[in-house]
Amino acid sequence: MGSRSYIFKEVHKELHKEPLLPMSLVLLAVILAYSFRLIGRESFYPTLFSYLRSFIYIGLYAAWGISIRQRIVQKQVGQYLTGVSVLLILWFTFRSAKYFIFWQPAAIRYQWYLFYLPMLFVPMLALLIAMSLGKPDEYKLPKSVWLLPAVSGVLLILVLTNDLHQLVFTFPKDADVWSDADHGYGVCYFAVIAWQVLCAVAALIFMLFKCRLKRGKHRYLPAIPFAISLAYLALNYVGTPWLKHLFGDVTAFQSLMYMLGFEACIACGYIHSNSRYADLFASSVGTSAEITDKDFNIRYAALNTDPISKEIMRKAEKAPVTVDGGLTVHTMPIGGGYAVWTEDVSALLAIKEESESLAEELAERNEILRYEYRRESKRRKVEEQNRLYDLLQSATQKQINRISALTQEYRRISKSDTDRVKMLLAEIAVLCSYIKRRKHLTLLADKDYEVAVSELERAFSESLQTLKLLNVRNTLYVDNELSMISDKNAAAILDFYEEVIEADLENLTSVQISLANINGLRLSLNVCCEADLSIFLNKGNVLYEMDDDAGYQHLVFIIEGGAAV
């Protein structure tokens, strides 16, 4: 374990040296660019060395922009900083085009005007970055901040259209060529400079306010590049002769100060980055995280991490590997290597074994329950069938009994009285027709369904068709406006009709049926038979009338509640 700790300490010591490498490269690039400036100024291939100097700065800002995309944690801040790097690249591109590509006075002047694109928008982006600090990755600035780019855009338009109004830069009236070498300042120039200073100072104040290390000794480090930048602008405005000779033009100096200012904010923690892995892992205790290179050599490791062999790491690259003691090794590819960590799954394995045992027991219980359910379902099915059978039988038991009596009589006289036999078969057909239709209505009533009047009409038609076997004259009328009636009313109508015709079925000679909605649903029957049908008056909702001349007995069965039309 002691050797393991020693290895980790050596790794951490080497990793602390890593930030010095990019800093050294940046310093070397700046020194080289400055050297090219001095060499080119002495008329020794000035164009060549000026181009090389520009390429160094453009490459430096491009590399800085790429590193920003990789280092900055918060997505929105990273986007704004990337925008800053793009603006710095454009600034140097405009500068190079102004001095080395274009020779026309108007083109050179407009390249100079374009300098104010980064000069106005970089401080504004710095303010947006400061406002975004400390917010979640998904955070979006309020819509009201559009005023900031709007102001910068308006000021940029004033600069680009200066030839029309000369509110930013003024030129002598007698000048043949308008140039940045001979110009004055208009009132809007001071608005442009004030806006740059205001955004820069506001951004710095926001960062200081939101800084997590408010008492740190490096708290004011970002103010140094911004203060130097403001001082340079002031000296440049008053026309200090040695300023450009020593530090170069505004583009080279200011763009470098902007980059250094943002890097100072990152170094002090104002802008959060993921570049301090060594400190993070050195202070991590109780975790098992490691970061390796592509050959699984440890680059970062938390303290007290249990050793993991390279062979196990390579196996875990395809799928997690569980080693003795219940530890599962996981790997995940990251840029330049792998993240490796272990997970103690011993408790989970114990739970898994217990769960598997419990699952087997539950499976057996479920099988027993399924068997009991099937038996219970079968029993309930039989009970339901018996209940429906009893229900159907009770509704038609009278007719069944009568069919039984008629059948016995048929067997007794089938060979002796052929006329009576035909009569018996016709009566049985009438009764069977009723039983068939009544059972259908009984099933519908059990489910509490509404019945279409057409269903009742078919029942009447079938019954009248069988009555023709008894030479019974019949007519049927059903009101076409009737649509649906309740199952109970349909059964009551059919039952009443059947009772009437069965009252004297052997002597029935004529029946007329009418079903209509006249101040309520009414079944009207005109029946010609020998039996006295006035006995149905005892039902209470029946009207009876005798027509002696025609020999008809008229019955009206009134249904309470009516019908749906």
# chains A, B, ... in the order shown; residues from 1 in each chain; ligands from 1
$ residues_around --residues "Leu515 (chain A)" --least-positions-apart "3" --cutoff "8 Å" --atoms "only C-alpha atoms" --output "PDB file with all heavy atoms, in the first residue's frame"
ATOM      1  N   TYR A 477     -99.008  -3.775 -37.169  1.00  0.00           N
ATOM      2  CA  TYR A 477     -98.618  -2.397 -37.427  1.00  0.00           C
ATOM      3  C   TYR A 477     -97.690  -1.943 -36.305  1.00  0.00           C
ATOM      4  O   TYR A 477     -98.000  -2.095 -35.117  1.00  0.00           O
ATOM      5  CB  TYR A 477     -99.833  -1.475 -37.487  1.00  0.00           C
ATOM      6  CG  TYR A 477     -99.449  -0.010 -37.482  1.00  0.00           C
ATOM      7  CD1 TYR A 477     -98.963   0.605 -38.652  1.00  0.00           C
ATOM      8  CD2 TYR A 477     -99.553   0.755 -36.318  1.00  0.00           C
ATOM      9  CE1 TYR A 477     -98.601   1.932 -38.655  1.00  0.00           C
ATOM     10  CE2 TYR A 477     -99.180   2.089 -36.316  1.00  0.00           C
ATOM     11  CZ  TYR A 477     -98.702   2.680 -37.487  1.00  0.00           C
ATOM     12  OH  TYR A 477     -98.315   4.001 -37.486  1.00  0.00           O
ATOM     13  N   VAL A 478     -96.530  -1.429 -36.699  1.00  0.00           N
ATOM     14  CA  VAL A 478     -95.580  -0.863 -35.738  1.00  0.00           C
ATOM     15  C   VAL A 478     -95.240   0.550 -36.197  1.00  0.00           C
ATOM     16  O   VAL A 478     -94.874   0.768 -37.364  1.00  0.00           O
ATOM     17  CB  VAL A 478     -94.288  -1.720 -35.647  1.00  0.00           C
ATOM     18  CG1 VAL A 478     -93.290  -1.064 -34.699  1.00  0.00           C
ATOM     19  CG2 VAL A 478     -94.614  -3.131 -35.171  1.00  0.00           C
ATOM     20  N   ASP A 479     -95.371   1.502 -35.296  1.00  0.00           N
ATOM     21  CA  ASP A 479     -95.099   2.905 -35.604  1.00  0.00           C
ATOM     22  C   ASP A 479     -93.633   3.061 -36.033  1.00  0.00           C
ATOM     23  O   ASP A 479     -92.710   2.674 -35.312  1.00  0.00           O
ATOM     24  CB  ASP A 479     -95.374   3.760 -34.361  1.00  0.00           C
ATOM     25  CG  ASP A 479     -95.382   5.240 -34.710  1.00  0.00           C
ATOM     26  OD1 ASP A 479     -94.931   5.599 -35.817  1.00  0.00           O
ATOM     27  OD2 ASP A 479     -95.838   6.037 -33.874  1.00  0.00           O
ATOM     28  N   LEU A 521     -96.384   4.629 -24.725  1.00  0.00           N
ATOM     29  CA  LEU A 521     -96.268   3.431 -25.548  1.00  0.00           C
ATOM     30  C   LEU A 521     -97.478   2.524 -25.302  1.00  0.00           C
ATOM     31  O   LEU A 521     -97.785   2.181 -24.168  1.00  0.00           O
ATOM     32  CB  LEU A 521     -94.968   2.690 -25.198  1.00  0.00           C
ATOM     33  CG  LEU A 521     -94.613   1.505 -26.084  1.00  0.00           C
ATOM     34  CD1 LEU A 521     -94.461   1.929 -27.532  1.00  0.00           C
ATOM     35  CD2 LEU A 521     -93.340   0.836 -25.576  1.00  0.00           C
ATOM     36  N   ARG A 522     -98.148   2.127 -26.402  1.00  0.00           N
ATOM     37  CA  ARG A 522     -99.383   1.333 -26.262  1.00  0.00           C
ATOM     38  C   ARG A 522     -99.336   0.153 -27.223  1.00  0.00           C
ATOM     39  O   ARG A 522     -98.960   0.298 -28.397  1.00  0.00           O
ATOM     40  CB  ARG A 522    -100.617   2.169 -26.572  1.00  0.00           C
ATOM     41  CG  ARG A 522    -100.824   3.309 -25.598  1.00  0.00           C
ATOM     42  CD  ARG A 522    -102.178   3.952 -25.785  1.00  0.00           C
ATOM     43  NE  ARG A 522    -102.409   4.985 -24.798  1.00  0.00           N
ATOM     44  CZ  ARG A 522    -103.599   5.485 -24.496  1.00  0.00           C
ATOM     45  NH1 ARG A 522    -104.676   5.028 -25.151  1.00  0.00           N
ATOM     46  NH2 ARG A 522    -103.745   6.419 -23.580  1.00  0.00           N
ATOM     47  N   LEU A 523     -99.746  -1.023 -26.707  1.00  0.00           N
ATOM     48  CA  LEU A 523     -99.936  -2.208 -27.527  1.00  0.00           C
ATOM     49  C   LEU A 523    -101.442  -2.455 -27.636  1.00  0.00           C
ATOM     50  O   LEU A 523    -102.113  -2.725 -26.635  1.00  0.00           O
ATOM     51  CB  LEU A 523     -99.245  -3.427 -26.892  1.00  0.00           C
ATOM     52  CG  LEU A 523     -99.505  -4.751 -27.598  1.00  0.00           C
ATOM     53  CD1 LEU A 523     -98.897  -4.751 -29.006  1.00  0.00           C
ATOM     54  CD2 LEU A 523     -98.958  -5.916 -26.776  1.00  0.00           C
ATOM     55  N   SER A 524    -101.946  -2.363 -28.844  1.00  0.00           N
ATOM     56  CA  SER A 524    -103.388  -2.573 -29.065  1.00  0.00           C
ATOM     57  C   SER A 524    -103.590  -3.920 -29.756  1.00  0.00           C
ATOM     58  O   SER A 524    -102.905  -4.218 -30.749  1.00  0.00           O
ATOM     59  CB  SER A 524    -103.969  -1.456 -29.938  1.00  0.00           C
ATOM     60  OG  SER A 524    -103.817  -0.201 -29.305  1.00  0.00           O
TER      61      SER A 524
END
$ select_by_dssp --residues "region 303-484 of chain A" --states "alpha helix (DSSP H)" --output "PyMOL selection string"
chain A and resi 310-316+346-413+418-446+453-467
$ residues_around --residues "Tyr80 (chain A)" --least-positions-apart "5" --cutoff "8 Å" --atoms "only C-alpha atoms" --output "number ranges by chain"
A: 125-126, 128-129
$ write_last_selection --atoms "all heavy atoms" --output "short mmCIF file (atom, residue, chain, number, x, y, z; two decimals), in the first residue's frame"
data_model
loop_
_atom_site.label_atom_id
_atom_site.label_comp_id
_atom_site.auth_asym_id
_atom_site.auth_seq_id
_atom_site.Cartn_x
_atom_site.Cartn_y
_atom_site.Cartn_z
N LEU A 125 -19.57 40.62 -24.72
CA LEU A 125 -19.59 39.18 -24.44
C LEU A 125 -19.02 38.89 -23.05
O LEU A 125 -19.47 37.96 -22.36
CB LEU A 125 -18.81 38.42 -25.51
CG LEU A 125 -19.49 38.27 -26.87
CD1 LEU A 125 -18.56 37.61 -27.87
CD2 LEU A 125 -20.77 37.47 -26.74
N ALA A 126 -18.02 39.67 -22.65
CA ALA A 126 -17.46 39.49 -21.29
C ALA A 126 -18.54 39.74 -20.24
O ALA A 126 -18.62 39.03 -19.23
CB ALA A 126 -16.28 40.44 -21.09
N LEU A 128 -21.82 39.32 -20.70
CA LEU A 128 -22.74 38.18 -20.77
C LEU A 128 -22.16 36.97 -20.06
O LEU A 128 -22.87 36.21 -19.38
CB LEU A 128 -23.06 37.84 -22.23
CG LEU A 128 -23.83 38.88 -23.03
CD1 LEU A 128 -24.08 38.38 -24.45
CD2 LEU A 128 -25.16 39.21 -22.36
N ILE A 129 -20.85 36.76 -20.22
CA ILE A 129 -20.18 35.65 -19.53
C ILE A 129 -20.29 35.82 -18.03
O ILE A 129 -20.61 34.88 -17.28
CB ILE A 129 -18.70 35.56 -19.97
CG1 ILE A 129 -18.62 35.10 -21.43
CG2 ILE A 129 -17.91 34.62 -19.07
CD1 ILE A 129 -17.24 35.26 -22.03
#
$ atom_distance --atom1 "CA of Leu25 (chain A)" --atom2 "CA of Tyr57 (chain A)"
12.4 Å
$ closest_atom_pairs --of "region 97-151 of chain A" --to "region 158-174 of chain A" --cutoff "8 Å" --atoms "only C-alpha atoms" --output "Markdown table"
| residue | atom | partner | partner_atom | distance |
| --- | --- | --- | --- | --- |
| A:Tyr110 | CA | A:Leu160 | CA | 7.1 |
| A:Tyr113 | CA | A:Leu160 | CA | 5.8 |
| A:Leu114 | CA | A:Leu160 | CA | 7.2 |
| A:Tyr116 | CA | A:Val159 | CA | 7.4 |
$ residues_around --residues "Asn526 (chain A)" --least-positions-apart "5" --cutoff "9 Å" --atoms "only C-alpha atoms" --output "list in words"
Ser510, Val511, Gln512, Ile513, Ser514, Tyr552, Gln553, His554, Leu555 and Val556 of chain A
$ closest_residue --among "A:Ile89, A:Met423, A:Ile72, A:Leu392" --to "Tyr270 (chain A)" --atoms "only C-alpha atoms"
A:Ile72
$ atom_distance --atom1 "CA of Gly184 (chain A)" --atom2 "CA of Tyr232 (chain A)"
18.4 Å
$ atom_distance --atom1 "CA of Phe94 (chain A)" --atom2 "CA of Gln196 (chain A)"
19.2 Å
$ residues_around --residues "Met332 (chain A)" --least-positions-apart "6" --cutoff "9 Å" --atoms "only C-alpha atoms" --output "tab-separated table (two decimals) with all heavy atoms, in the first residue's frame"
chain	number	residue	atom	x	y	z
A	316	ALA	N	-12.35	-4.98	-18.60
A	316	ALA	CA	-13.50	-4.13	-18.28
A	316	ALA	C	-13.82	-3.15	-19.39
A	316	ALA	O	-14.89	-2.53	-19.40
A	316	ALA	CB	-13.24	-3.37	-16.98
A	317	GLU	N	-12.89	-3.03	-20.38
A	317	GLU	CA	-13.15	-2.14	-21.50
A	317	GLU	C	-14.34	-2.63	-22.32
A	317	GLU	O	-15.10	-1.84	-22.88
A	317	GLU	CB	-11.91	-2.05	-22.38
A	317	GLU	CG	-12.03	-1.09	-23.54
A	317	GLU	CD	-10.77	-1.05	-24.37
A	317	GLU	OE1	-9.81	-1.79	-24.05
A	317	GLU	OE2	-10.75	-0.29	-25.36
A	338	TYR	N	-9.07	6.62	-20.52
A	338	TYR	CA	-10.23	5.94	-19.95
A	338	TYR	C	-10.47	6.45	-18.53
A	338	TYR	O	-9.52	6.80	-17.81
A	338	TYR	CB	-10.02	4.43	-19.91
A	338	TYR	CG	-9.87	3.78	-21.26
A	338	TYR	CD1	-8.61	3.64	-21.84
A	338	TYR	CD2	-10.98	3.34	-21.97
A	338	TYR	CE1	-8.46	3.06	-23.09
A	338	TYR	CE2	-10.84	2.75	-23.22
A	338	TYR	CZ	-9.58	2.62	-23.77
A	338	TYR	OH	-9.44	2.04	-24.99
A	339	ALA	N	-11.73	6.47	-18.15
A	339	ALA	CA	-12.10	6.66	-16.75
A	339	ALA	C	-12.36	5.27	-16.16
A	339	ALA	O	-13.09	4.47	-16.74
A	339	ALA	CB	-13.34	7.53	-16.63
A	340	VAL	N	-11.74	4.99	-15.03
A	340	VAL	CA	-11.84	3.67	-14.39
A	340	VAL	C	-12.34	3.87	-12.97
A	340	VAL	O	-11.83	4.74	-12.25
A	340	VAL	CB	-10.48	2.94	-14.38
A	340	VAL	CG1	-10.63	1.55	-13.77
A	340	VAL	CG2	-9.92	2.84	-15.79
A	341	TRP	N	-13.31	3.09	-12.57
A	341	TRP	CA	-13.80	3.15	-11.21
A	341	TRP	C	-14.32	1.78	-10.79
A	341	TRP	O	-14.62	0.94	-11.63
A	341	TRP	CB	-14.87	4.22	-11.04
A	341	TRP	CG	-16.19	3.90	-11.67
A	341	TRP	CD1	-17.28	3.38	-11.08
A	341	TRP	CD2	-16.55	4.10	-13.05
A	341	TRP	NE1	-18.31	3.22	-11.97
A	341	TRP	CE2	-17.89	3.65	-13.20
A	341	TRP	CE3	-15.87	4.57	-14.17
A	341	TRP	CZ2	-18.55	3.70	-14.41
A	341	TRP	CZ3	-16.53	4.61	-15.37
A	341	TRP	CH2	-17.85	4.18	-15.49
$ residues_around --residues "Leu88 (chain A)" --least-positions-apart "6" --cutoff "12 Å" --atoms "only C-alpha atoms" --output "PDB file with N, CA and C atoms, in the first residue's frame"
ATOM      1  N   SER A  54       1.424  37.914 -37.756  1.00  0.00           N
ATOM      2  CA  SER A  54      -0.033  37.799 -37.793  1.00  0.00           C
ATOM      3  C   SER A  54      -0.470  36.337 -37.677  1.00  0.00           C
ATOM      4  N   TYR A  57      -0.275  35.131 -34.061  1.00  0.00           N
ATOM      5  CA  TYR A  57      -1.374  35.588 -33.207  1.00  0.00           C
ATOM      6  C   TYR A  57      -2.693  34.901 -33.585  1.00  0.00           C
ATOM      7  N   ILE A  58      -2.959  34.773 -34.889  1.00  0.00           N
ATOM      8  CA  ILE A  58      -4.205  34.105 -35.307  1.00  0.00           C
ATOM      9  C   ILE A  58      -4.207  32.654 -34.851  1.00  0.00           C
ATOM     10  N   GLY A  59      -3.069  31.962 -35.021  1.00  0.00           N
ATOM     11  CA  GLY A  59      -2.976  30.576 -34.539  1.00  0.00           C
ATOM     12  C   GLY A  59      -3.125  30.480 -33.039  1.00  0.00           C
ATOM     13  N   LEU A  60      -2.541  31.466 -32.319  1.00  0.00           N
ATOM     14  CA  LEU A  60      -2.657  31.475 -30.857  1.00  0.00           C
ATOM     15  C   LEU A  60      -4.107  31.613 -30.423  1.00  0.00           C
ATOM     16  N   TYR A  61      -4.867  32.525 -31.049  1.00  0.00           N
ATOM     17  CA  TYR A  61      -6.267  32.716 -30.656  1.00  0.00           C
ATOM     18  C   TYR A  61      -7.149  31.542 -31.089  1.00  0.00           C
ATOM     19  N   ALA A  62      -6.797  30.925 -32.233  1.00  0.00           N
ATOM     20  CA  ALA A  62      -7.548  29.743 -32.663  1.00  0.00           C
ATOM     21  C   ALA A  62      -7.334  28.589 -31.690  1.00  0.00           C
ATOM     22  N   ALA A  63      -6.070  28.371 -31.293  1.00  0.00           N
ATOM     23  CA  ALA A  63      -5.784  27.307 -30.332  1.00  0.00           C
ATOM     24  C   ALA A  63      -6.454  27.597 -28.990  1.00  0.00           C
ATOM     25  N   TRP A  64      -6.477  28.868 -28.597  1.00  0.00           N
ATOM     26  CA  TRP A  64      -7.143  29.228 -27.336  1.00  0.00           C
ATOM     27  C   TRP A  64      -8.642  28.943 -27.412  1.00  0.00           C
ATOM     28  N   GLY A  65      -9.246  29.253 -28.564  1.00  0.00           N
ATOM     29  CA  GLY A  65     -10.675  28.971 -28.731  1.00  0.00           C
ATOM     30  C   GLY A  65     -10.973  27.479 -28.654  1.00  0.00           C
ATOM     31  N   LEU A  81     -17.257  32.454 -24.858  1.00  0.00           N
ATOM     32  CA  LEU A  81     -15.800  32.553 -24.952  1.00  0.00           C
ATOM     33  C   LEU A  81     -15.314  32.127 -26.332  1.00  0.00           C
ATOM     34  N   THR A  82     -15.961  31.140 -26.922  1.00  0.00           N
ATOM     35  CA  THR A  82     -15.617  30.763 -28.295  1.00  0.00           C
ATOM     36  C   THR A  82     -15.887  31.932 -29.241  1.00  0.00           C
ATOM     37  N   PHE A  94      -8.590  41.501 -39.975  1.00  0.00           N
ATOM     38  CA  PHE A  94      -8.844  42.850 -40.495  1.00  0.00           C
ATOM     39  C   PHE A  94      -7.561  43.688 -40.488  1.00  0.00           C
ATOM     40  N   ARG A  95      -6.793  43.532 -39.407  1.00  0.00           N
ATOM     41  CA  ARG A  95      -5.543  44.298 -39.297  1.00  0.00           C
ATOM     42  C   ARG A  95      -4.583  43.917 -40.423  1.00  0.00           C
ATOM     43  N   LEU A 114     -13.778  48.209 -39.318  1.00  0.00           N
ATOM     44  CA  LEU A 114     -14.147  46.851 -38.849  1.00  0.00           C
ATOM     45  C   LEU A 114     -13.408  46.453 -37.578  1.00  0.00           C
ATOM     46  N   PHE A 115     -12.322  47.191 -37.228  1.00  0.00           N
ATOM     47  CA  PHE A 115     -11.664  46.914 -35.949  1.00  0.00           C
ATOM     48  C   PHE A 115     -12.678  47.007 -34.797  1.00  0.00           C
ATOM     49  N   TYR A 116     -13.705  47.845 -34.966  1.00  0.00           N
ATOM     50  CA  TYR A 116     -14.633  48.105 -33.869  1.00  0.00           C
ATOM     51  C   TYR A 116     -15.669  46.994 -33.701  1.00  0.00           C
ATOM     52  N   LEU A 117     -15.690  46.034 -34.625  1.00  0.00           N
ATOM     53  CA  LEU A 117     -16.540  44.854 -34.405  1.00  0.00           C
ATOM     54  C   LEU A 117     -16.079  44.084 -33.162  1.00  0.00           C
ATOM     55  N   PRO A 118     -14.806  43.648 -33.084  1.00  0.00           N
ATOM     56  CA  PRO A 118     -14.377  42.993 -31.841  1.00  0.00           C
ATOM     57  C   PRO A 118     -14.249  43.958 -30.660  1.00  0.00           C
ATOM     58  N   MET A 119     -13.865  45.209 -30.957  1.00  0.00           N
ATOM     59  CA  MET A 119     -13.677  46.163 -29.856  1.00  0.00           C
ATOM     60  C   MET A 119     -14.989  46.436 -29.120  1.00  0.00           C
ATOM     61  N   LEU A 120     -16.127  46.368 -29.829  1.00  0.00           N
ATOM     62  CA  LEU A 120     -17.433  46.601 -29.199  1.00  0.00           C
ATOM     63  C   LEU A 120     -18.041  45.320 -28.638  1.00  0.00           C
ATOM     64  N   PHE A 121     -17.853  44.210 -29.339  1.00  0.00           N
ATOM     65  CA  PHE A 121     -18.570  42.996 -28.945  1.00  0.00           C
ATOM     66  C   PHE A 121     -17.802  42.132 -27.946  1.00  0.00           C
ATOM     67  N   VAL A 122     -16.479  42.225 -27.887  1.00  0.00           N
ATOM     68  CA  VAL A 122     -15.748  41.419 -26.902  1.00  0.00           C
ATOM     69  C   VAL A 122     -16.074  41.867 -25.473  1.00  0.00           C
ATOM     70  N   PRO A 123     -16.041  43.174 -25.137  1.00  0.00           N
ATOM     71  CA  PRO A 123     -16.453  43.559 -23.775  1.00  0.00           C
ATOM     72  C   PRO A 123     -17.909  43.209 -23.481  1.00  0.00           C
ATOM     73  N   THR A 251      -4.528  46.650 -32.004  1.00  0.00           N
ATOM     74  CA  THR A 251      -5.036  45.293 -32.243  1.00  0.00           C
ATOM     75  C   THR A 251      -4.190  44.252 -31.527  1.00  0.00           C
ATOM     76  N   ALA A 252      -2.895  44.297 -31.735  1.00  0.00           N
ATOM     77  CA  ALA A 252      -2.017  43.289 -31.139  1.00  0.00           C
ATOM     78  C   ALA A 252      -2.061  43.353 -29.623  1.00  0.00           C
ATOM     79  N   PHE A 253      -2.007  44.571 -29.067  1.00  0.00           N
ATOM     80  CA  PHE A 253      -1.931  44.692 -27.609  1.00  0.00           C
ATOM     81  C   PHE A 253      -3.267  44.370 -26.947  1.00  0.00           C
ATOM     82  N   GLN A 254      -4.354  44.960 -27.470  1.00  0.00           N
ATOM     83  CA  GLN A 254      -5.653  44.780 -26.824  1.00  0.00           C
ATOM     84  C   GLN A 254      -6.148  43.330 -26.923  1.00  0.00           C
ATOM     85  N   SER A 255      -5.980  42.698 -28.074  1.00  0.00           N
ATOM     86  CA  SER A 255      -6.435  41.314 -28.207  1.00  0.00           C
ATOM     87  C   SER A 255      -5.700  40.401 -27.241  1.00  0.00           C
ATOM     88  N   LEU A 256      -4.396  40.653 -27.059  1.00  0.00           N
ATOM     89  CA  LEU A 256      -3.630  39.837 -26.117  1.00  0.00           C
ATOM     90  C   LEU A 256      -4.099  40.085 -24.689  1.00  0.00           C
ATOM     91  N   MET A 257      -4.399  41.331 -24.333  1.00  0.00           N
ATOM     92  CA  MET A 257      -4.880  41.643 -22.983  1.00  0.00           C
ATOM     93  C   MET A 257      -6.255  41.011 -22.724  1.00  0.00           C
ATOM     94  N   TYR A 258      -7.098  41.008 -23.749  1.00  0.00           N
ATOM     95  CA  TYR A 258      -8.402  40.348 -23.582  1.00  0.00           C
ATOM     96  C   TYR A 258      -8.221  38.858 -23.259  1.00  0.00           C
ATOM     97  N   MET A 259      -7.355  38.204 -24.040  1.00  0.00           N
ATOM     98  CA  MET A 259      -7.149  36.780 -23.807  1.00  0.00           C
ATOM     99  C   MET A 259      -6.573  36.523 -22.418  1.00  0.00           C
TER     100      MET A 259
END
$ residues_around --residues "Arg473 (chain A)" --least-positions-apart "4" --cutoff "10 Å" --atoms "only C-alpha atoms" --output "number ranges by chain"
A: 464-465, 467-468, 508-512, 527-528
$ closest_residue --among "A:Glu138, A:Glu290, A:Glu367, A:Asp295" --to "Ile308 (chain A)" --atoms "only C-alpha atoms"
A:Glu290
$ decode --residues "region 537-542 of chain A" --atoms "all heavy atoms" --output "PDB file, in the first residue's frame"
ATOM      1  N   LEU A 537    -108.375  -7.210 -17.321  1.00  0.00           N
ATOM      2  CA  LEU A 537    -108.526  -5.894 -16.691  1.00  0.00           C
ATOM      3  C   LEU A 537    -107.899  -5.840 -15.305  1.00  0.00           C
ATOM      4  O   LEU A 537    -107.582  -4.760 -14.792  1.00  0.00           O
ATOM      5  CB  LEU A 537    -110.017  -5.540 -16.598  1.00  0.00           C
ATOM      6  CG  LEU A 537    -110.697  -5.134 -17.914  1.00  0.00           C
ATOM      7  CD1 LEU A 537    -112.208  -5.019 -17.703  1.00  0.00           C
ATOM      8  CD2 LEU A 537    -110.120  -3.818 -18.411  1.00  0.00           C
ATOM      9  N   ASN A 538    -107.735  -6.997 -14.686  1.00  0.00           N
ATOM     10  CA  ASN A 538    -107.165  -7.000 -13.330  1.00  0.00           C
ATOM     11  C   ASN A 538    -105.674  -6.614 -13.318  1.00  0.00           C
ATOM     12  O   ASN A 538    -105.083  -6.452 -12.261  1.00  0.00           O
ATOM     13  CB  ASN A 538    -107.341  -8.378 -12.684  1.00  0.00           C
ATOM     14  CG  ASN A 538    -106.680  -9.490 -13.506  1.00  0.00           C
ATOM     15  OD1 ASN A 538    -105.976  -9.225 -14.463  1.00  0.00           O
ATOM     16  ND2 ASN A 538    -106.957 -10.726 -13.126  1.00  0.00           N
ATOM     17  N   LYS A 539    -105.042  -6.484 -14.469  1.00  0.00           N
ATOM     18  CA  LYS A 539    -103.629  -6.070 -14.503  1.00  0.00           C
ATOM     19  C   LYS A 539    -103.469  -4.583 -14.189  1.00  0.00           C
ATOM     20  O   LYS A 539    -102.370  -4.120 -13.887  1.00  0.00           O
ATOM     21  CB  LYS A 539    -103.013  -6.369 -15.875  1.00  0.00           C
ATOM     22  CG  LYS A 539    -102.824  -7.872 -16.120  1.00  0.00           C
ATOM     23  CD  LYS A 539    -102.128  -8.105 -17.454  1.00  0.00           C
ATOM     24  CE  LYS A 539    -101.815  -9.579 -17.634  1.00  0.00           C
ATOM     25  NZ  LYS A 539    -100.809 -10.060 -16.681  1.00  0.00           N
ATOM     26  N   GLY A 540    -104.523  -3.792 -14.307  1.00  0.00           N
ATOM     27  CA  GLY A 540    -104.477  -2.394 -13.899  1.00  0.00           C
ATOM     28  C   GLY A 540    -104.080  -1.434 -14.989  1.00  0.00           C
ATOM     29  O   GLY A 540    -104.504  -0.288 -14.983  1.00  0.00           O
ATOM     30  N   ASN A 541    -103.250  -1.841 -15.942  1.00  0.00           N
ATOM     31  CA  ASN A 541    -102.820  -0.950 -17.023  1.00  0.00           C
ATOM     32  C   ASN A 541    -103.327  -1.443 -18.364  1.00  0.00           C
ATOM     33  O   ASN A 541    -102.684  -1.279 -19.395  1.00  0.00           O
ATOM     34  CB  ASN A 541    -101.300  -0.818 -17.050  1.00  0.00           C
ATOM     35  CG  ASN A 541    -100.622  -2.178 -17.181  1.00  0.00           C
ATOM     36  OD1 ASN A 541    -101.244  -3.204 -16.923  1.00  0.00           O
ATOM     37  ND2 ASN A 541     -99.357  -2.181 -17.543  1.00  0.00           N
ATOM     38  N   VAL A 542    -104.523  -2.079 -18.324  1.00  0.00           N
ATOM     39  CA  VAL A 542    -105.129  -2.630 -19.527  1.00  0.00           C
ATOM     40  C   VAL A 542    -106.520  -2.022 -19.704  1.00  0.00           C
ATOM     41  O   VAL A 542    -107.288  -1.922 -18.745  1.00  0.00           O
ATOM     42  CB  VAL A 542    -105.224  -4.163 -19.451  1.00  0.00           C
ATOM     43  CG1 VAL A 542    -105.948  -4.711 -20.680  1.00  0.00           C
ATOM     44  CG2 VAL A 542    -103.836  -4.773 -19.330  1.00  0.00           C
TER      45      VAL A 542
END
